[in-house]
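Trainee: To start, I am sharing the structure in question, which I have written as structure tokens.
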Amino acid sequence: MKRSCLSLITDFGMKDGFAGTLKGVILGINPAVQIVDLSHEVPPQDILAGALILRSAVRFFPSGTIHVAVVDPGVGSTRRALLLETPDAFFIGPDNGLLSLAVSAEAVVRIVELTNTQYLLSPRSATFHGRDVFAPAAAHLSLGVQPHQLGSELTDMERLSIPAVEYGQHCMRGCVLYIDQFGNLMTNVTAADLHPFPKERLSVSIATVTIGKIVSSYAAAAIGKPVALINSWGLLEIAVRNGSAAQQLNAQCGCVVSVTLP
Amino acid sequence: MKRSCLSLITDFGMKDGFAGTLKGVILGINPAVQIVDLSHEVPPQDILAGALILRSAVRFFPSGTIHVAVVDPGVGSTRRALLLETPDAFFIGPDNGLLSLAVSAEAVVRIVELTNTQYLLSPRSATFHGRDVFAPAAAHLSLGVQPHQLGSELTDMERLSIPAVEYGQHCMRGCVLYIDQFGNLMTNVTAADLHPFPKERLSVSIATVTIGKIVSSYAAAAIGKPVALINSWGLLEIAVRNGSAAQQLNAQCGCVVSVTLP
Amino acid sequence: MKRSCLSLITDFGMKDGFAGTLKGVILGINPAVQIVDLSHEVPPQDILAGALILRSAVRFFPSGTIHVAVVDPGVGSTRRALLLETPDAFFIGPDNGLLSLAVSAEAVVRIVELTNTQYLLSPRSATFHGRDVFAPAAAHLSLGVQPHQLGSELTDMERLSIPAVEYGQHCMRGCVLYIDQFGNLMTNVTAADLHPFPKERLSVSIATVTIGKIVSSYAAAAIGKPVALINSWGLLEIAVRNGSAAQQLNAQCGCVVSVTLP
């Protein structure tokens, strides 16, 4: 598997040079690797948001991509630093669930704890493992260092759980899981959850507001009107055409979304 | 024409991984292409802002650059997906005017509708053509696929129109077209519009505030004072030295700017 | 010294395409150079913030990196455009102190004023030297043009001074120098300033709030509680675990931070 592409997802923001510093470290070790910024605007310390973004993006990257993810409120504690190997990709980041939505348990070929200090920066700060641990380990991996050389193998890792969709008699109940920059409300209801039902006979509501049936695209609504659709992450989404559903419906993560079944 | 550079301009923001996903798709098809982020912070659905940024940047890119632009409120509707070819560059994006300010009608060598599904992702979502249509088409183009292979030729496209400058007896009247991140007010009055007149005899006003004559640089004003100049986009601009003209003058896009002629 | 990596730090933001335009200019001159965004979100015109970010990042970049820094409120005035050469790196930017914290006076091998118009864009605007002066000079330098070819040698440059730490009888007094995107308060007190004292016997306060002793990592505090530590820039920092110290302590740059000595 070629390892020529490396993606970065962090909550570092773009202001302080933290993300750029990771790239300096990586290019100092492997000047030929192609680095892609997946996101540096994950909301601070929001592990679930980072995990969802990563999960939705990975299948669009070249085989062999090394995904480096750093949303790491436990940096400097005893939380472990991980490398996951799957048949298609590598994942590097803290053992706090951040990597867990992108990699199903069955897909894991190997979990390695990044303990081999030969492949880390020295000295190593207790506050910035993105720079001192994850970036150098990823860069060495991209050069062809084997996963088992980076540390000792593990048998388990932290996993996030997404709230399950609940079923009533004529109703499916989920919640808002993530709000994107357009103010679109992404829910935990998947296309697969809805698949058994005839789409045009379902009706979506959020709190006390009825959105109505599930349409195919934003353009199916009038400008400024709310609409429900299956989005590009494969999730049920409530949006406002050319507007922000989060603002207009005053919605936050956790808000209940229900789907009336036929 | 070498096609080794590809620029991206979108309203995706940097938070949700949408822009990074485009790059994953592109590098999966052509790992060697050089990708440049022109902007991912175009205000959501603001086609005019995107078109102005693109117009101002393109002449500074290498010949043969493929510019991918996605501000696409009509995604999933019947709006067409375009490739434009000019003698110097390629442009890929929705047919909603976004590409039209960067490419004069005379410069268009060819317009192609991106209909050949062989060069698009499959399945194709109805909400994210940046990922499923524009990115893969651009990547294949960068590999040497010929424009006519990407779809069927068109004879027309949507064009934006910028409000014209109006002339009174001793006065030219324009408006604020775009506000940059410093709060500088860019107008629709061009250097060419002002060229016939002796610069030092013109006086610029916005709403009821007189800014005064046109100077050469921000540094010609005292700190905190407003100033009028021809900016790096070749447009008449009202700025506040080391401050925000938008805030200080409480100005928005559309505000009238007038120039008293000698 | 290989010159294959080029970093960019500016206050251009990511909205208007200014940073992307720099990259277009650079890649038009040297398509093979590797460009890294260090930051484009330096607060507008904040030379000190830019200088601090640059200083903290440079040692993590490959030897021979060309750092291009543009926070340039004096653009178009008589302020000079500089190239600095050190044994490890090159620095290009305005002569306003921006480069001065990253390069100690002793490390300077050469200072060159960028006067050779052969290596600049033509025509040259009076408002955007990032595009017209710094980017093309850096790109030519990356191709192997020698520093002395870019202009005439200088013997001095502007330098910023950071406020010194003051010592009382049983007390050291510094201030907040920089606030990062997490709301962490970075001070002018360095690890070296604190080195002579036993860390567990020091007590840190900000304004009238006692933070307590200096710990090793954010994880040493309870969630939502303030903590003092030596951060990844080697500075004394006051943080709130999983929160914003700036907000919670209502702190700004300049706030006094004191350390009680044993």
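By order of appearance in the structure tokens: chains A, B, ..., then residues from 1 within every chain, and ligands from 1 in the order shown.
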Using only C-alpha atoms, which residues of chain B come within 6 Å of chain C, and what is the closest atom pair for each, with the distance in Å to one decimal? Give it as JSON lines, sorted by chain and residue number.

Mentor:
{"residue": "B:Asp37", "atom": "CA", "partner": "C:Gly20", "partner_atom": "CA", "distance": 5.7}
{"residue": "B:Leu38", "atom": "CA", "partner": "C:Gly20", "partner_atom": "CA", "distance": 4.2}
{"residue": "B:Ser39", "atom": "CA", "partner": "C:Gly17", "partner_atom": "CA", "distance": 5.2}
{"residue": "B:Glu41", "atom": "CA", "partner": "C:Lys15", "partner_atom": "CA", "distance": 4.4}
{"residue": "B:Val42", "atom": "CA", "partner": "C:Lys15", "partner_atom": "CA", "distance": 5.7}
{"residue": "B:Ala57", "atom": "CA", "partner": "C:Thr21", "partner_atom": "CA", "distance": 5.6}
{"residue": "B:Phe60", "atom": "CA", "partner": "C:Val25", "partner_atom": "CA", "distance": 5.4}
{"residue": "B:Phe61", "atom": "CA", "partner": "C:Gly24", "partner_atom": "CA", "distance": 4.2}
{"residue": "B:Pro62", "atom": "CA", "partner": "C:Gly28", "partner_atom": "CA", "distance": 4.4}
{"residue": "B:Ser217", "atom": "CA", "partner": "C:Gly76", "partner_atom": "CA", "distance": 5.2}
{"residue": "B:Ala219", "atom": "CA", "partner": "C:Ser77", "partner_atom": "CA", "distance": 5.6}
{"residue": "B:Ser232", "atom": "CA", "partner": "C:Ser125", "partner_atom": "CA", "distance": 6.0}

Trainee: Could you write those residues out with N, CA and C atoms, as a PDB file, in the first residue's frame?

Mentor:
ATOM      1  N   ASP B  37      -5.363  26.181  -2.189  1.00  0.00           N
ATOM      2  CA  ASP B  37      -6.619  26.728  -1.669  1.00  0.00           C
ATOM      3  C   ASP B  37      -6.670  28.214  -1.977  1.00  0.00           C
ATOM      4  N   LEU B  38      -7.562  28.613  -2.871  1.00  0.00           N
ATOM      5  CA  LEU B  38      -7.720  30.044  -3.123  1.00  0.00           C
ATOM      6  C   LEU B  38      -8.569  30.654  -2.012  1.00  0.00           C
ATOM      7  N   SER B  39      -9.704  30.060  -1.725  1.00  0.00           N
ATOM      8  CA  SER B  39     -10.514  30.474  -0.574  1.00  0.00           C
ATOM      9  C   SER B  39     -11.538  29.385  -0.305  1.00  0.00           C
ATOM     10  N   GLU B  41     -13.639  30.351   2.334  1.00  0.00           N
ATOM     11  CA  GLU B  41     -14.442  31.192   3.222  1.00  0.00           C
ATOM     12  C   GLU B  41     -15.273  32.209   2.439  1.00  0.00           C
ATOM     13  N   VAL B  42     -15.574  31.903   1.190  1.00  0.00           N
ATOM     14  CA  VAL B  42     -16.555  32.731   0.484  1.00  0.00           C
ATOM     15  C   VAL B  42     -17.828  32.716   1.341  1.00  0.00           C
ATOM     16  N   ALA B  57      -7.887  36.843  -8.807  1.00  0.00           N
ATOM     17  CA  ALA B  57      -6.738  35.974  -8.537  1.00  0.00           C
ATOM     18  C   ALA B  57      -6.173  35.303  -9.777  1.00  0.00           C
ATOM     19  N   PHE B  60      -2.731  35.659 -11.604  1.00  0.00           N
ATOM     20  CA  PHE B  60      -1.502  35.419 -10.850  1.00  0.00           C
ATOM     21  C   PHE B  60      -1.150  33.928 -10.762  1.00  0.00           C
ATOM     22  N   PHE B  61      -1.947  33.085 -11.393  1.00  0.00           N
ATOM     23  CA  PHE B  61      -1.673  31.643 -11.360  1.00  0.00           C
ATOM     24  C   PHE B  61      -0.934  31.205 -12.620  1.00  0.00           C
ATOM     25  N   PRO B  62      -0.212  30.089 -12.533  1.00  0.00           N
ATOM     26  CA  PRO B  62       0.511  29.588 -13.696  1.00  0.00           C
ATOM     27  C   PRO B  62      -0.438  29.296 -14.860  1.00  0.00           C
ATOM     28  N   SER B 217      -1.319  54.862  -1.043  1.00  0.00           N
ATOM     29  CA  SER B 217      -1.190  53.697  -0.159  1.00  0.00           C
ATOM     30  C   SER B 217      -1.843  53.989   1.182  1.00  0.00           C
ATOM     31  N   ALA B 219      -0.574  53.901   3.948  1.00  0.00           N
ATOM     32  CA  ALA B 219       0.339  54.635   4.817  1.00  0.00           C
ATOM     33  C   ALA B 219       0.232  56.153   4.619  1.00  0.00           C
ATOM     34  N   SER B 232      -5.283  46.586  -4.843  1.00  0.00           N
ATOM     35  CA  SER B 232      -4.544  45.571  -5.610  1.00  0.00           C
ATOM     36  C   SER B 232      -5.427  44.801  -6.586  1.00  0.00           C
TER      37      SER B 232
END

Trainee: Would you list the contacts of B:Thr86 as a list in words, taking every protein, DNA or RNA residue within 8 Å and counting only C-alpha atoms, but skipping same-chain residues closer than 4 positions in sequence?

Mentor: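 Counting only the stated atoms, we get Phe90, Val103, Ala107, Val108, Val109 and Arg110 of chain B.
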
Trainee: DSSP on the backbone: which residues in stretch 41-220 of chain A end up as helix (DSSP H, G or I)? Give the answer as a short mmCIF file (atom, residue, chain, number, x, y, z; two decimals) with N, CA, C and O atoms, in the first residue's frame.

Mentor:
data_model
loop_
_atom_site.label_atom_id
_atom_site.label_comp_id
_atom_site.auth_asym_id
_atom_site.auth_seq_id
_atom_site.Cartn_x
_atom_site.Cartn_y
_atom_site.Cartn_z
N ILE A 47 -14.41 15.83 20.67
CA ILE A 47 -13.95 14.55 20.11
C ILE A 47 -14.98 13.96 19.16
O ILE A 47 -14.64 13.47 18.09
N LEU A 48 -16.26 14.04 19.53
CA LEU A 48 -17.31 13.47 18.68
C LEU A 48 -17.35 14.16 17.31
O LEU A 48 -17.43 13.49 16.27
N ALA A 49 -17.28 15.49 17.31
CA ALA A 49 -17.30 16.22 16.03
C ALA A 49 -16.13 15.78 15.16
O ALA A 49 -16.29 15.51 13.96
N GLY A 50 -14.94 15.70 15.75
CA GLY A 50 -13.77 15.28 14.98
C GLY A 50 -13.94 13.87 14.43
O GLY A 50 -13.61 13.59 13.27
N ALA A 51 -14.49 12.99 15.25
CA ALA A 51 -14.67 11.60 14.83
C ALA A 51 -15.67 11.48 13.68
O ALA A 51 -15.50 10.68 12.76
N LEU A 52 -16.72 12.31 13.72
CA LEU A 52 -17.74 12.28 12.65
C LEU A 52 -17.16 12.81 11.34
O LEU A 52 -17.40 12.26 10.27
N ILE A 53 -16.42 13.90 11.41
CA ILE A 53 -15.82 14.46 10.19
C ILE A 53 -14.86 13.44 9.57
O ILE A 53 -14.89 13.19 8.37
N LEU A 54 -14.03 12.86 10.42
CA LEU A 54 -13.06 11.87 9.92
C LEU A 54 -13.78 10.69 9.27
O LEU A 54 -13.43 10.26 8.16
N ARG A 55 -14.80 10.16 9.95
CA ARG A 55 -15.54 9.02 9.41
C ARG A 55 -16.10 9.31 8.02
O ARG A 55 -16.07 8.46 7.13
N SER A 56 -16.60 10.53 7.84
CA SER A 56 -17.28 10.86 6.59
C SER A 56 -16.30 11.11 5.45
O SER A 56 -16.68 11.04 4.29
N ALA A 57 -15.07 11.41 5.78
CA ALA A 57 -14.10 11.79 4.74
C ALA A 57 -13.23 10.64 4.27
O ALA A 57 -12.82 10.62 3.11
N VAL A 58 -12.94 9.66 5.14
CA VAL A 58 -11.85 8.73 4.83
C VAL A 58 -12.05 7.95 3.54
O VAL A 58 -11.08 7.70 2.82
N ARG A 59 -13.28 7.59 3.22
CA ARG A 59 -13.43 6.74 2.03
C ARG A 59 -13.16 7.50 0.73
O ARG A 59 -13.07 6.90 -0.33
N PHE A 60 -13.01 8.81 0.81
CA PHE A 60 -12.71 9.60 -0.39
C PHE A 60 -11.21 9.85 -0.57
O PHE A 60 -10.82 10.54 -1.50
N ALA A 105 -14.62 -2.06 14.29
CA ALA A 105 -13.80 -3.03 15.01
C ALA A 105 -13.30 -4.13 14.07
O ALA A 105 -12.16 -4.57 14.16
N GLU A 106 -14.16 -4.55 13.12
CA GLU A 106 -13.78 -5.64 12.22
C GLU A 106 -12.67 -5.23 11.26
O GLU A 106 -11.92 -6.05 10.75
N ALA A 107 -12.61 -3.94 10.96
CA ALA A 107 -11.64 -3.48 9.96
C ALA A 107 -10.23 -3.32 10.53
O ALA A 107 -9.28 -3.17 9.77
N THR A 117 10.40 5.78 21.21
CA THR A 117 10.81 7.20 21.22
C THR A 117 11.76 7.53 20.07
O THR A 117 11.93 8.71 19.76
N GLN A 118 12.31 6.53 19.44
CA GLN A 118 13.17 6.76 18.27
C GLN A 118 12.41 7.49 17.15
O GLN A 118 13.03 8.20 16.35
N TYR A 119 11.11 7.31 17.11
CA TYR A 119 10.32 7.92 16.05
C TYR A 119 9.50 9.13 16.52
O TYR A 119 8.59 9.59 15.84
N HIS A 129 1.34 16.97 21.84
CA HIS A 129 1.74 15.70 21.24
C HIS A 129 1.48 15.66 19.74
O HIS A 129 2.05 14.84 19.05
N GLY A 130 0.61 16.56 19.24
CA GLY A 130 0.46 16.67 17.79
C GLY A 130 1.81 16.89 17.14
O GLY A 130 2.19 16.20 16.19
N ARG A 131 2.56 17.82 17.68
CA ARG A 131 3.88 18.16 17.15
C ARG A 131 4.94 17.13 17.51
O ARG A 131 5.77 16.77 16.66
N ASP A 132 4.92 16.65 18.75
CA ASP A 132 6.05 15.88 19.29
C ASP A 132 5.89 14.37 19.16
O ASP A 132 6.87 13.64 19.23
N VAL A 133 4.65 13.90 18.99
CA VAL A 133 4.40 12.46 18.93
C VAL A 133 3.72 12.07 17.61
O VAL A 133 4.27 11.30 16.82
N PHE A 134 2.52 12.63 17.36
CA PHE A 134 1.72 12.14 16.24
C PHE A 134 2.34 12.51 14.88
O PHE A 134 2.39 11.67 13.97
N ALA A 135 2.80 13.74 14.74
CA ALA A 135 3.37 14.16 13.45
C ALA A 135 4.64 13.37 13.11
O ALA A 135 4.74 12.82 12.00
N PRO A 136 5.61 13.27 14.02
CA PRO A 136 6.81 12.52 13.63
C PRO A 136 6.53 11.04 13.39
O PRO A 136 7.09 10.45 12.45
N ALA A 137 5.66 10.43 14.20
CA ALA A 137 5.34 9.01 13.98
C ALA A 137 4.72 8.83 12.59
O ALA A 137 5.08 7.91 11.85
N ALA A 138 3.80 9.72 12.22
CA ALA A 138 3.15 9.63 10.91
C ALA A 138 4.15 9.81 9.78
O ALA A 138 4.10 9.12 8.76
N ALA A 139 5.06 10.75 9.96
CA ALA A 139 6.06 11.00 8.91
C ALA A 139 6.96 9.79 8.72
O ALA A 139 7.26 9.39 7.58
N HIS A 140 7.39 9.17 9.81
CA HIS A 140 8.23 7.97 9.68
C HIS A 140 7.44 6.83 9.03
O HIS A 140 7.96 6.11 8.18
N LEU A 141 6.18 6.69 9.41
CA LEU A 141 5.33 5.67 8.78
C LEU A 141 5.25 5.91 7.26
O LEU A 141 5.32 4.96 6.47
N SER A 142 5.13 7.16 6.88
CA SER A 142 5.02 7.48 5.44
C SER A 142 6.30 7.14 4.69
O SER A 142 6.29 6.92 3.48
N PRO A 147 4.47 -0.56 10.99
CA PRO A 147 3.67 -0.27 12.19
C PRO A 147 4.25 -0.88 13.46
O PRO A 147 4.34 -0.20 14.49
N HIS A 148 4.69 -2.14 13.41
CA HIS A 148 5.16 -2.78 14.65
C HIS A 148 6.45 -2.14 15.16
O HIS A 148 6.80 -2.28 16.32
N GLN A 149 7.16 -1.42 14.29
CA GLN A 149 8.37 -0.75 14.75
C GLN A 149 8.07 0.49 15.60
O GLN A 149 8.94 1.00 16.30
N LEU A 150 6.85 0.99 15.50
CA LEU A 150 6.51 2.24 16.19
C LEU A 150 6.14 2.03 17.66
O LEU A 150 6.04 2.99 18.41
N ALA A 191 -29.38 6.82 6.12
CA ALA A 191 -30.12 6.40 4.94
C ALA A 191 -30.59 4.95 5.12
O ALA A 191 -31.72 4.60 4.75
N ALA A 192 -29.75 4.11 5.73
CA ALA A 192 -30.11 2.70 5.94
C ALA A 192 -31.31 2.58 6.89
O ALA A 192 -32.19 1.73 6.68
N ASP A 193 -31.36 3.44 7.93
CA ASP A 193 -32.50 3.41 8.85
C ASP A 193 -33.81 3.68 8.11
O ASP A 193 -34.86 3.13 8.44
N LEU A 194 -33.75 4.55 7.12
CA LEU A 194 -34.95 4.97 6.41
C LEU A 194 -35.27 4.08 5.21
O LEU A 194 -36.39 4.11 4.68
N LYS A 199 -40.00 6.71 0.89
CA LYS A 199 -39.53 8.03 1.31
C LYS A 199 -40.61 9.09 1.30
O LYS A 199 -40.69 9.94 2.19
N GLU A 200 -41.49 9.01 0.29
CA GLU A 200 -42.48 10.08 0.14
C GLU A 200 -43.60 9.98 1.17
O GLU A 200 -44.42 10.88 1.29
N ARG A 201 -43.62 8.89 1.95
CA ARG A 201 -44.66 8.76 2.96
C ARG A 201 -44.15 9.04 4.38
O ARG A 201 -44.88 8.90 5.35
N TYR A 218 -31.46 20.38 -1.77
CA TYR A 218 -31.80 21.69 -1.21
C TYR A 218 -32.72 22.47 -2.15
O TYR A 218 -33.62 23.20 -1.72
N ALA A 219 -32.48 22.29 -3.44
CA ALA A 219 -33.20 23.08 -4.44
C ALA A 219 -34.68 22.73 -4.50
O ALA A 219 -35.46 23.42 -5.14
N ALA A 220 -35.08 21.65 -3.81
CA ALA A 220 -36.50 21.28 -3.79
C ALA A 220 -37.31 22.20 -2.88
O ALA A 220 -38.54 22.20 -2.93
#

Trainee: Give me, as a PyMOL selection string, all polymer residues having an atom no more than 8 Å from C:Ser63, counting only C-alpha atoms and skipping those fewer than 2 positions away in the same chain.

Mentor: (chain A and resi 28) or (chain C and resi 1-2+61+65+88-89)

Trainee: Give me, please, the distance in Å between atom CA of A:Glu85 and atom CA of A:Ile111, quoted to one decimal.

Mentor: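 Taking atom CA of A:Glu85 and atom CA of A:Ile111, their separation equals 6.5 Å.
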
Trainee: Please list as a PyMOL selection string every residue within 7 Å of C:Leu177, counting only C-alpha atoms and excluding residues in the same chain fewer than 2 positions away.

Mentor: chain C and resi 175+186-188+253-254

Trainee: Which residues come within 8 Å of B:Ser203, counting only C-alpha atoms, excluding same-chain residues fewer than 2 positions away, as a ChimeraX atom specification?

Mentor: /B:201,205,210-214,259-261

Trainee: Select, from A:Leu99, A:Val209, A:Ile92, A:Val240, the residue with the minimum atom-to-atom distance to A:Leu160, counting only C-alpha atoms.

Mentor: A:Leu99
